[in-house]
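As provided, input.cif (mmCIF, C-alpha atoms (C1' of nucleotides)) reads as follows.
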data_structure
loop_
_atom_site.label_atom_id
_atom_site.label_comp_id
_atom_site.auth_asym_id
_atom_site.auth_seq_id
_atom_site.Cartn_x
_atom_site.Cartn_y
_atom_site.Cartn_z
CA MET D 93 15.06 30.11 -14.75
CA ALA D 94 14.52 29.09 -11.16
CA THR D 95 11.99 26.65 -9.79
CA PRO D 96 8.56 28.23 -10.05
CA PRO D 97 6.59 28.98 -6.87
CA ALA D 98 4.66 26.12 -5.33
CA ASN D 99 1.26 27.22 -6.49
CA ASP D 100 2.28 27.38 -10.12
CA ARG D 101 3.63 23.88 -10.09
CA PRO D 102 1.64 20.94 -11.29
CA ILE D 103 0.05 18.64 -8.75
CA PHE D 104 0.85 15.82 -11.12
CA GLY D 105 4.58 15.77 -10.71
CA VAL D 106 7.14 13.24 -9.61
CA GLY D 107 5.26 12.26 -6.48
CA PHE D 108 1.98 11.68 -8.20
CA PHE D 109 3.33 9.53 -10.97
CA LEU D 110 5.65 7.67 -8.69
CA SER D 111 2.86 6.82 -6.26
CA THR D 112 0.43 5.91 -8.98
CA LEU D 113 2.80 3.79 -11.01
CA GLY D 114 4.33 2.27 -7.91
CA PHE D 115 0.91 1.31 -6.65
CA ARG D 116 -0.07 -0.21 -9.95
CA SER D 117 3.24 -2.01 -10.22
CA HIS D 118 2.79 -3.54 -6.81
CA GLU D 119 -0.79 -4.48 -7.58
CA MET D 120 0.19 -6.24 -10.79
CA TRP D 121 3.20 -7.88 -9.18
CA ALA D 122 0.96 -9.38 -6.52
CA GLU D 123 -1.29 -10.68 -9.27
CA ARG D 124 1.61 -12.34 -11.03
CA LEU D 125 2.52 -14.06 -7.78
CA VAL D 126 -0.87 -15.69 -7.35
CA PRO D 127 -0.10 -18.59 -9.71
CA LEU D 128 3.09 -19.17 -7.73
CA GLY D 129 1.07 -19.30 -4.54
CA LEU D 130 3.18 -16.55 -3.07
CA ASP D 131 2.46 -13.44 -1.10
CA SER D 132 4.48 -10.39 -2.19
CA ARG D 133 6.20 -10.47 1.17
CA GLN D 134 7.02 -14.12 0.84
CA ALA D 135 8.53 -13.46 -2.56
CA ALA D 136 10.64 -10.72 -1.03
CA MET D 137 11.68 -13.11 1.70
CA LEU D 138 12.79 -15.77 -0.74
CA LEU D 139 14.79 -13.27 -2.77
CA ASN D 140 16.26 -11.87 0.39
CA VAL D 141 17.37 -15.26 1.67
CA ALA D 142 18.67 -16.14 -1.79
CA ARG D 143 21.02 -13.19 -1.59
CA ALA D 144 22.32 -14.22 1.81
CA GLU D 145 21.51 -17.70 2.99
CA GLY D 146 21.72 -18.40 6.67
CA ARG D 147 20.01 -15.20 7.70
CA SER D 148 18.16 -15.21 11.00
CA GLN D 149 14.46 -14.45 11.16
CA GLN D 150 15.30 -11.38 13.16
CA ALA D 151 17.56 -10.07 10.39
CA LEU D 152 14.87 -10.76 7.87
CA ALA D 153 12.28 -8.93 9.92
CA GLN D 154 14.54 -5.91 10.09
CA ALA D 155 15.36 -5.93 6.39
CA LEU D 156 11.71 -6.22 5.44
CA LYS D 157 10.54 -3.91 8.17
CA ILE D 158 7.89 -6.24 9.41
CA PRO D 159 7.46 -7.45 12.99
CA PRO D 160 9.19 -10.71 13.88
CA SER D 161 5.87 -12.21 14.83
CA ARG D 162 4.76 -11.80 11.25
CA VAL D 163 7.89 -13.38 9.89
CA VAL D 164 7.09 -16.50 11.88
CA VAL D 165 3.82 -17.26 10.17
CA LEU D 166 5.17 -16.42 6.71
CA VAL D 167 8.16 -18.69 7.22
CA ASP D 168 5.88 -21.34 8.66
CA ASP D 169 4.02 -21.38 5.38
CA LEU D 170 7.15 -21.36 3.22
CA GLU D 171 8.62 -24.18 5.26
CA ARG D 172 5.47 -26.22 5.04
CA ARG D 173 5.72 -25.91 1.29
CA ASN D 174 9.36 -26.93 1.23
CA LEU D 175 10.70 -23.68 -0.13
CA LEU D 176 12.50 -22.56 2.98
CA GLN D 177 14.15 -24.40 5.82
CA ARG D 178 14.89 -23.42 9.40
CA ARG D 179 18.20 -24.73 10.68
CA ALA D 180 19.63 -24.54 14.15
CA ASP D 181 22.55 -22.25 14.78
CA PRO D 182 25.21 -24.35 16.52
CA ALA D 183 26.61 -21.24 18.18
CA ASP D 184 23.34 -19.90 19.54
CA ARG D 185 20.43 -22.19 19.89
CA ARG D 186 17.88 -19.40 20.04
CA ILE D 187 18.50 -18.53 16.42
CA ARG D 188 16.94 -20.15 13.33
CA LEU D 189 19.07 -19.91 10.24
CA LEU D 190 17.06 -19.65 7.06
CA HIS D 191 18.07 -21.60 4.00
CA LEU D 192 16.51 -22.23 0.62
CA THR D 193 15.60 -25.75 -0.32
CA PRO D 194 16.14 -26.94 -3.91
CA ASP D 195 12.47 -26.18 -4.50
CA GLY D 196 13.07 -22.76 -3.03
CA ARG D 197 15.93 -22.13 -5.42
CA ALA D 198 13.77 -23.18 -8.34
CA MET D 199 11.15 -20.76 -7.12
CA VAL D 200 13.66 -17.93 -7.00
CA GLU D 201 14.55 -18.59 -10.62
CA ARG D 202 10.92 -18.56 -11.49
CA LEU D 203 10.59 -15.26 -9.66
CA ALA D 204 13.41 -13.83 -11.75
CA ARG D 205 11.55 -14.73 -14.92
CA VAL D 206 8.29 -13.28 -13.62
CA ALA D 207 10.10 -10.10 -12.57
CA ALA D 208 11.52 -9.75 -16.07
CA GLU D 209 8.05 -10.15 -17.56
CA HIS D 210 6.77 -7.62 -15.12
CA ASP D 211 9.46 -5.13 -16.08
CA ASP D 212 8.67 -5.61 -19.74
CA TRP D 213 5.04 -4.96 -19.05
CA LEU D 214 5.78 -1.84 -17.03
CA SER D 215 7.95 -0.37 -19.73
CA VAL D 216 5.87 -1.33 -22.71
CA GLY D 217 5.44 2.35 -23.57
CA LEU D 218 9.18 2.94 -23.64
CA ASP D 219 11.89 1.96 -26.06
CA GLU D 220 15.04 0.36 -24.76
CA ALA D 221 16.99 3.56 -24.37
CA GLU D 222 14.17 5.22 -22.50
CA ARG D 223 13.80 2.28 -20.23
CA ASP D 224 17.47 2.34 -19.31
CA GLN D 225 17.22 6.04 -18.76
CA LEU D 226 14.23 5.58 -16.50
CA VAL D 227 15.95 2.98 -14.35
CA ALA D 228 19.01 5.21 -14.10
CA LEU D 229 16.94 8.19 -13.00
CA LEU D 230 14.95 6.16 -10.49
CA ARG D 231 18.19 4.79 -9.09
CA LYS D 232 19.56 8.27 -8.76
CA ALA D 233 16.41 9.55 -7.12
CA ALA D 234 16.48 6.63 -4.70
CA ALA D 235 20.08 7.41 -3.85
CA GLY D 236 19.18 11.04 -3.21
CA LEU D 237 16.51 9.93 -0.76
CA GLU D 238 18.97 7.80 1.16
CA LEU D 239 16.43 5.08 0.88
CA SER D 240 18.63 2.89 3.00
CA GLY D 241 16.24 3.68 5.80
CA THR D 242 13.30 2.10 4.08
CA VAL D 243 14.97 -0.45 1.89
CA HIS D 244 18.22 -1.54 3.35
CA SER D 245 20.64 -0.70 0.62
CA GLY D 246 24.22 -0.45 -0.25
CA LEU D 247 23.43 1.78 -3.14
CA ALA D 248 27.00 2.76 -3.74
CA GLY D 249 27.79 -0.68 -5.06
CA GLY D 250 24.51 -0.89 -6.90
CA GLU D 251 23.37 -3.56 -4.50
CA TRP D 252 19.81 -3.54 -3.26
CA GLU D 253 17.98 -5.52 -0.68
CA PRO D 254 14.75 -6.64 -2.29
CA ALA D 255 12.94 -5.76 0.88
CA ASP D 256 10.01 -4.11 -0.79
CA LEU D 257 9.95 -5.86 -4.07
CA GLY D 258 6.28 -6.08 -4.68
CA MET V 79 21.44 -6.10 -29.27
CA ALA V 80 18.14 -7.59 -28.26
CA THR V 81 16.64 -7.80 -24.80
CA PRO V 82 18.66 -10.33 -22.82
CA PRO V 83 16.95 -13.50 -21.55
CA ALA V 84 14.97 -13.23 -18.35
CA ASN V 85 17.47 -14.93 -16.13
CA ASP V 86 20.28 -12.58 -17.06
CA ARG V 87 18.25 -9.51 -16.29
CA PRO V 88 18.51 -7.70 -13.00
CA ILE V 89 15.82 -8.22 -10.40
CA PHE V 90 16.27 -4.57 -9.53
CA GLY V 91 14.74 -3.06 -12.60
CA VAL V 92 11.87 -0.73 -13.35
CA GLY V 93 9.40 -2.65 -11.21
CA PHE V 94 11.58 -2.80 -8.18
CA PHE V 95 12.49 0.86 -8.12
CA LEU V 96 9.01 1.95 -9.04
CA SER V 97 7.46 -0.08 -6.24
CA THR V 98 10.06 0.95 -3.71
CA LEU V 99 10.06 4.63 -4.54
CA GLY V 100 6.30 4.68 -4.93
CA PHE V 101 5.86 3.10 -1.55
CA ARG V 102 8.24 5.52 0.08
CA SER V 103 6.60 8.44 -1.70
CA HIS V 104 3.20 7.43 -0.44
CA GLU V 105 4.52 6.86 3.05
CA MET V 106 6.09 10.31 3.20
CA TRP V 107 3.08 11.95 1.60
CA ALA V 108 0.86 10.49 4.30
CA GLU V 109 3.26 11.87 6.88
CA ARG V 110 3.07 15.32 5.38
CA LEU V 111 -0.71 15.18 5.57
CA VAL V 112 -0.76 14.51 9.31
CA PRO V 113 -0.35 18.17 10.26
CA LEU V 114 -3.24 18.97 7.94
CA GLY V 115 -5.34 16.38 9.71
CA LEU V 116 -5.96 14.63 6.42
CA ASP V 117 -5.98 11.06 5.31
CA SER V 118 -4.30 10.45 1.94
CA ARG V 119 -7.68 9.46 0.55
CA GLN V 120 -9.30 12.55 1.90
CA ALA V 121 -6.62 14.66 0.27
CA ALA V 122 -7.31 12.89 -3.01
CA MET V 123 -11.01 13.56 -2.53
CA LEU V 124 -10.51 17.26 -1.99
CA LEU V 125 -8.29 17.54 -5.05
CA ASN V 126 -10.76 15.52 -7.02
CA VAL V 127 -13.69 17.70 -6.07
CA ALA V 128 -11.60 20.80 -6.68
CA ARG V 129 -11.16 19.71 -10.27
CA ALA V 130 -14.86 19.15 -10.77
CA GLU V 131 -17.18 20.59 -8.16
CA GLY V 132 -20.64 19.17 -7.94
CA ARG V 133 -19.52 15.58 -8.28
CA SER V 134 -21.71 12.94 -6.71
CA GLN V 135 -20.37 10.59 -4.06
CA GLN V 136 -20.91 7.75 -6.44
CA ALA V 137 -18.70 9.39 -9.06
CA LEU V 138 -16.08 10.01 -6.44
CA ALA V 139 -16.17 6.41 -5.31
CA GLN V 140 -15.63 5.27 -8.86
CA ALA V 141 -12.80 7.68 -9.55
CA LEU V 142 -11.01 6.71 -6.35
CA LYS V 143 -11.89 3.06 -6.66
CA ILE V 144 -13.19 2.77 -3.14
CA PRO V 145 -16.61 1.46 -2.12
CA PRO V 146 -19.36 4.06 -1.73
CA SER V 147 -19.78 3.06 1.88
CA ARG V 148 -16.25 4.19 2.52
CA VAL V 149 -16.81 7.52 0.80
CA VAL V 150 -19.63 8.22 3.22
CA VAL V 151 -17.53 8.18 6.36
CA LEU V 152 -14.69 10.12 4.76
CA VAL V 153 -17.06 12.80 3.51
CA ASP V 154 -18.76 12.81 6.89
CA ASP V 155 -15.47 13.77 8.44
CA LEU V 156 -14.61 16.38 5.83
CA GLU V 157 -18.04 17.91 6.17
CA ARG V 158 -17.81 18.03 9.94
CA ARG V 159 -14.60 19.97 9.52
CA ASN V 160 -16.15 22.40 7.06
CA LEU V 161 -13.96 21.47 4.13
CA LEU V 162 -16.60 19.83 2.03
CA GLN V 163 -20.31 20.34 1.69
CA ARG V 164 -23.08 18.02 0.55
CA ARG V 165 -25.76 19.76 -1.47
CA ALA V 166 -29.02 18.39 -2.72
CA ASP V 167 -29.42 17.79 -6.41
CA PRO V 168 -32.64 19.55 -7.45
CA ALA V 169 -33.10 17.11 -10.32
CA ASP V 170 -32.61 13.91 -8.30
CA ARG V 171 -33.02 14.00 -4.59
CA ARG V 172 -31.11 10.79 -4.03
CA ILE V 173 -27.86 12.41 -5.10
CA ARG V 174 -25.53 14.51 -2.94
CA LEU V 175 -23.49 17.03 -4.86
CA LEU V 176 -20.10 17.66 -3.35
CA HIS V 177 -18.73 21.17 -3.12
CA LEU V 178 -15.72 22.74 -1.50
CA THR V 179 -16.25 25.31 1.20
CA PRO V 180 -13.95 28.35 1.38
CA ASP V 181 -11.97 26.46 4.02
CA GLY V 182 -11.83 23.53 1.64
CA ARG V 183 -10.45 25.72 -1.11
CA ALA V 184 -7.80 27.04 1.26
CA MET V 185 -6.92 23.47 2.11
CA VAL V 186 -6.52 22.59 -1.55
CA GLU V 187 -4.07 25.46 -1.95
CA ARG V 188 -2.20 24.21 1.05
CA LEU V 189 -2.15 20.77 -0.50
CA ALA V 190 -0.62 22.20 -3.65
CA ARG V 191 2.19 23.71 -1.61
CA VAL V 192 2.77 20.49 0.30
CA ALA V 193 2.77 18.53 -2.95
CA ALA V 194 5.42 20.86 -4.35
CA GLU V 195 7.54 20.37 -1.25
CA HIS V 196 7.04 16.66 -1.58
CA ASP V 197 8.16 16.69 -5.19
CA ASP V 198 11.25 18.68 -4.29
CA TRP V 199 12.07 16.18 -1.61
CA LEU V 200 11.58 13.24 -3.94
CA SER V 201 13.83 14.69 -6.60
CA VAL V 202 16.54 16.05 -4.33
CA GLY V 203 19.06 13.76 -6.01
CA LEU V 204 18.23 15.09 -9.45
CA ASP V 205 18.96 18.35 -11.20
CA GLU V 206 16.19 20.20 -12.94
CA ALA V 207 16.72 18.63 -16.32
CA GLU V 208 16.79 15.15 -14.89
CA ARG V 209 13.65 15.79 -12.93
CA ASP V 210 11.79 16.93 -16.01
CA GLN V 211 13.09 13.92 -17.86
CA LEU V 212 11.92 11.62 -15.09
CA VAL V 213 8.41 13.04 -15.09
CA ALA V 214 8.29 12.75 -18.85
CA LEU V 215 9.37 9.12 -18.77
CA LEU V 216 6.96 8.24 -15.98
CA ARG V 217 4.17 9.89 -17.92
CA LYS V 218 5.07 7.92 -20.98
CA ALA V 219 5.25 4.67 -19.02
CA ALA V 220 1.87 5.43 -17.48
CA ALA V 221 0.43 6.06 -20.91
CA GLY V 222 1.82 2.76 -22.13
CA LEU V 223 0.09 0.98 -19.29
CA GLU V 224 -3.23 2.51 -20.15
CA LEU V 225 -3.46 3.44 -16.55
CA SER V 226 -6.88 4.86 -17.18
CA GLY V 227 -8.20 1.71 -15.60
CA THR V 228 -6.60 2.42 -12.28
CA VAL V 229 -6.43 6.15 -12.29
CA HIS V 230 -9.08 7.59 -14.48
CA SER V 231 -7.09 9.55 -16.95
CA GLY V 232 -7.27 11.51 -20.12
CA LEU V 233 -3.58 11.19 -20.59
CA ALA V 234 -3.63 12.55 -24.10
CA GLY V 235 -4.47 15.98 -22.87
CA GLY V 236 -2.15 15.64 -19.95
CA GLU V 237 -5.09 15.58 -17.63
CA TRP V 238 -5.04 13.27 -14.63
CA GLU V 239 -7.51 12.38 -11.97
CA PRO V 240 -5.66 12.59 -8.70
CA ALA V 241 -7.34 9.41 -7.61
CA ASP V 242 -4.28 7.81 -6.18
CA LEU V 243 -2.30 10.80 -5.18
CA GLY V 244 -0.73 9.55 -2.01
"C1'" DT S 72 18.90 -9.38 32.53
"C1'" DA S 73 18.61 -9.40 27.48
"C1'" DT S 74 17.41 -11.61 23.18
"C1'" DT S 75 15.25 -15.05 19.63
"C1'" DG S 76 11.53 -16.95 18.33
"C1'" DT S 77 6.71 -17.95 19.28
"C1'" DT S 78 1.85 -17.53 20.63
"C1'" DA S 79 -2.23 -14.96 21.92
"C1'" DT S 80 -4.86 -10.90 21.99
"C1'" DA S 81 -6.73 -6.83 20.53
"C1'" DC S 82 -7.34 -3.43 17.06
"C1'" DT S 83 -7.74 -1.14 12.70
"C1'" DC S 84 -8.99 -1.36 8.17
"C1'" DT S 85 -11.89 -2.95 4.57
"C1'" DA S 86 -15.40 -5.03 2.00
"C1'" DT S 87 -20.08 -7.05 1.97
"C1'" DA S 88 -24.37 -7.04 2.58
"C1'" DA S 89 -28.73 -5.26 4.53
"C1'" DC S 90 -31.55 -0.95 4.66
"C1'" DT S 91 -33.89 3.81 3.25
"C1'" DA S 92 -35.33 7.05 0.28
"C1'" DT S 93 -35.96 8.34 -3.85
"C1'" DA S 94 -36.67 7.43 -8.84
"C1'" DT Q 95 -37.43 -2.42 -10.28
"C1'" DA Q 96 -33.33 -0.04 -9.98
"C1'" DT Q 97 -30.09 3.38 -8.02
"C1'" DA Q 98 -27.70 6.85 -4.38
"C1'" DG Q 99 -26.58 7.00 -0.18
"C1'" DT Q 100 -26.30 5.11 4.43
"C1'" DT Q 101 -25.72 1.87 8.30
"C1'" DA Q 102 -24.34 -2.51 10.38
"C1'" DT Q 103 -21.81 -6.61 10.37
"C1'" DA Q 104 -18.27 -9.59 9.65
"C1'" DG Q 105 -13.69 -10.67 7.99
"C1'" DA Q 106 -8.77 -9.93 6.86
"C1'" DG Q 107 -4.62 -8.09 8.11
"C1'" DT Q 108 -1.86 -5.97 11.44
"C1'" DA Q 109 0.61 -4.66 15.48
"C1'" DT Q 110 1.21 -5.19 20.51
"C1'" DA Q 111 2.10 -7.48 24.19
"C1'" DA Q 112 2.70 -11.68 26.92
"C1'" DC Q 113 5.44 -16.06 26.92
"C1'" DA Q 114 9.19 -19.77 26.61
"C1'" DA Q 115 13.80 -20.99 25.69
"C1'" DT Q 116 18.38 -19.73 25.60
"C1'" DA Q 117 22.18 -16.71 26.30
#

Write the structure described by the file as structure tokens, please.
Amino acid sequence: MATPPANDRPIFGVGFFLSTLGFRSHEMWAERLVPLGLDSRQAAMLLNVARAEGRSQQALAQALKIPPSRVVVLVDDLERRNLLQRRADPADRRIRLLHLTPDGRAMVERLARVAAEHDDWLSVGLDEAERDQLVALLRKAAAGLELSGTVHSGLAGGEWEPADLG
Amino acid sequence: MATPPANDRPIFGVGFFLSTLGFRSHEMWAERLVPLGLDSRQAAMLLNVARAEGRSQQALAQALKIPPSRVVVLVDDLERRNLLQRRADPADRRIRLLHLTPDGRAMVERLARVAAEHDDWLSVGLDEAERDQLVALLRKAAAGLELSGTVHSGLAGGEWEPADLG
DNA sequence: TATTGTTATACTCTATAACTATA
DNA sequence: TATAGTTATAGAGTATAACAATA
């Protein structure tokens, strides 16, 4: 049978559950970050830099889709707390290269643990097979949306920029 | 085999994809509402009232988890545009009962069509079986989270408050 | 002249708290 | 006195635009 006409379809479909669960996931993620003293964006920044140290602030702003002016203050804070470090680019002195400090690297590991906890919490209603299935389907849906626009992705290789994590 | 230790688990799991896709879903949903002249919250309000006409503003505020003061201005706007109507409660004159106007009902039907389009768009990478599977898994995950706190739900009966739709 | 990072400004949301009218 | 709705105020978060240094 074909897809039923719009009016016969449930309002509570993919979009509804995705938005609702996504919202709740983000909400809870932010809560888990409080003890770490991190903003969800700052967490994303740390993970992003961890994946490619030596990024410029500009690149980061683009990946996270936030204005460069906002990156400044967030990096300011991370630098003050010795998690991130701005280094000069010998080739172009306008650019600040972002690097993790040892504390920053420790924080990234902590983030990985918290993310795992978070995932467990999110999928508490699912058994292991279902959880794998869910991730696979979400991945596929994301690929179909060419989400590279929103979250810079190289989906083909299974690589994701954690731009919006949180 | 058991769940692997936190540090060996991918950062890009359920939480990441749920947040990312949920965010994108909401973003696109809001875009689709622009031509209708609706805010995502206003859309949720209309759907909410459609499911139970005669709700009070207070009840609506609780269901949508937004302060009553905010409900006022949103209802003001919807009333000005003849989509919603405030009626006096004969039993308690403090209360305003919310009802859809004929225009409001037409708008709800339009919303149903837009929501169907939106769902199609979201699941463009999936075939029909996969899409059904995804909804089922999301539903199950939502049930596991006892999401009734965030989105007032009677999940058992498959009934959802569209509080956070969008 | 264009670009990186920065600072300053202005604006949009949002929540909070005062206020009124009923109960 | 307590509650529904409303109004007013103040605060957070955000983007925009001006600015300085370098290319």

For the provided coordinates, the residues matched by the PyMOL selection byres ((chain D and resi 189-206) around 6) should be stated as a PyMOL selection string. (chain D and resi 145-148+175-179+188+207-209) or (chain V and resi 84)

Name every residue that the PyMOL selection byres ((chain V) within 8 of (chain D)) selects in this structure, writing the answer as a ChimeraX atom specification with chains first and numbers rising. /V:84-85,87-104,187,190-191,193-197,199-204,208-209,212-213,215-223,228-229,238,240,242-244

Evaluate the PyMOL selection byres ((chain Q) within 9 of (chain V)) on the structure here and hand back the selected residues as a PDB file with C-alpha atoms (C1' of nucleotides), keeping the file's coordinate frame.
ATOM      1  C1'  DT Q  97     -30.090   3.380  -8.020  1.00  0.00           C
ATOM      2  C1'  DA Q  98     -27.700   6.850  -4.380  1.00  0.00           C
ATOM      3  C1'  DG Q  99     -26.580   7.000  -0.180  1.00  0.00           C
ATOM      4  C1'  DT Q 100     -26.300   5.110   4.430  1.00  0.00           C
ATOM      5  C1'  DT Q 101     -25.720   1.870   8.300  1.00  0.00           C
TER       6       DT Q 101
END

As number ranges by chain, please: the residues near range 103-117 of chain Q (cut-off 12 Å, all atoms listed in the file, same-chain neighbours under 6 positions excluded). D: 158-162, 181, 183-187; S: 72-89

Using Å and a single decimal, report how far C1' of DT91 in chain S sits from CA of Ala137 in chain V. 20.3 Å

Near chain V, meaning an atom within 8 Å, which residues of chain S appear when counting all atoms listed in the file? Write them as a PyMOL selection string. chain S and resi 86+92-94

Just give me the gap between CA of Val127 in chain V and CA of Asp155 in chain V in Å, one decimal is fine.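 CA of Asp155 in chain V lies at a distance of 15.1 Å from CA of Val127 in chain V.
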
Taken to one decimal, the CA of Leu111 in chain V-CA of Arg133 in chain D distance is 26.9 Å

Export range 99-160 of chain D of the preceding structure, keeping C-alpha atoms, as a compact mmCIF listing (two decimals), in the first residue's frame.
# COMPACT_ATOMS: atom_id res chain seq x y z
CA ASN D 99 -4.71 14.13 6.72
CA ASP D 100 -4.87 10.48 7.67
CA ARG D 101 -1.34 10.46 8.93
CA PRO D 102 -0.49 10.86 12.56
CA ILE D 103 0.77 14.20 13.80
CA PHE D 104 3.01 12.25 16.13
CA GLY D 105 5.40 10.86 13.59
CA VAL D 106 9.11 11.04 12.99
CA GLY D 107 9.27 14.81 13.33
CA PHE D 108 7.41 14.96 16.57
CA PHE D 109 9.40 12.29 18.33
CA LEU D 110 12.66 13.49 16.92
CA SER D 111 12.05 17.05 18.08
CA THR D 112 10.79 15.99 21.47
CA LEU D 113 13.50 13.48 22.20
CA GLY D 114 16.16 15.71 20.70
CA PHE D 115 15.05 18.57 22.89
CA ARG D 116 15.03 16.42 25.98
CA SER D 117 18.39 14.94 25.10
CA HIS D 118 19.91 18.37 24.74
CA GLU D 119 18.31 19.55 27.96
CA MET D 120 19.70 16.61 29.90
CA TRP D 121 23.09 16.87 28.24
CA ALA D 122 23.35 20.48 29.34
CA GLU D 123 22.49 19.38 32.86
CA ARG D 124 25.23 16.77 32.84
CA LEU D 125 27.69 19.45 31.80
CA VAL D 126 26.96 21.69 34.76
CA PRO D 127 29.24 19.78 37.15
CA LEU D 128 31.99 20.09 34.54
CA GLY D 129 31.43 23.83 34.43
CA LEU D 130 30.85 23.65 30.70
CA ASP D 131 28.36 25.16 28.35
CA SER D 132 27.05 22.75 25.69
CA ARG D 133 28.76 24.87 23.08
CA GLN D 134 32.02 24.82 24.95
CA ALA D 135 31.83 21.04 25.16
CA ALA D 136 31.27 20.92 21.43
CA MET D 137 34.25 23.20 20.95
CA LEU D 138 36.54 21.02 23.01
CA LEU D 139 35.46 17.90 21.15
CA ASN D 140 35.85 19.70 17.88
CA VAL D 141 39.37 20.87 18.65
CA ALA D 142 40.22 17.41 19.97
CA ARG D 143 39.42 15.98 16.57
CA ALA D 144 41.61 18.49 14.79
CA GLU D 145 44.01 20.49 16.89
CA GLY D 146 45.34 23.69 15.47
CA ARG D 147 42.01 24.84 14.12
CA SER D 148 41.48 28.57 13.77
CA GLN D 149 38.67 30.32 15.58
CA GLN D 150 37.16 31.13 12.24
CA ALA D 151 37.04 27.45 11.28
CA LEU D 152 35.48 26.65 14.60
CA ALA D 153 32.85 29.33 14.18
CA GLN D 154 31.93 27.89 10.80
CA ALA D 155 31.78 24.31 12.02
CA LEU D 156 29.61 25.25 14.97
CA LYS D 157 27.60 27.77 13.03
CA ILE D 158 28.00 30.49 15.57
CA PRO D 159 29.31 33.99 14.91
CA PRO D 160 33.05 34.51 15.39
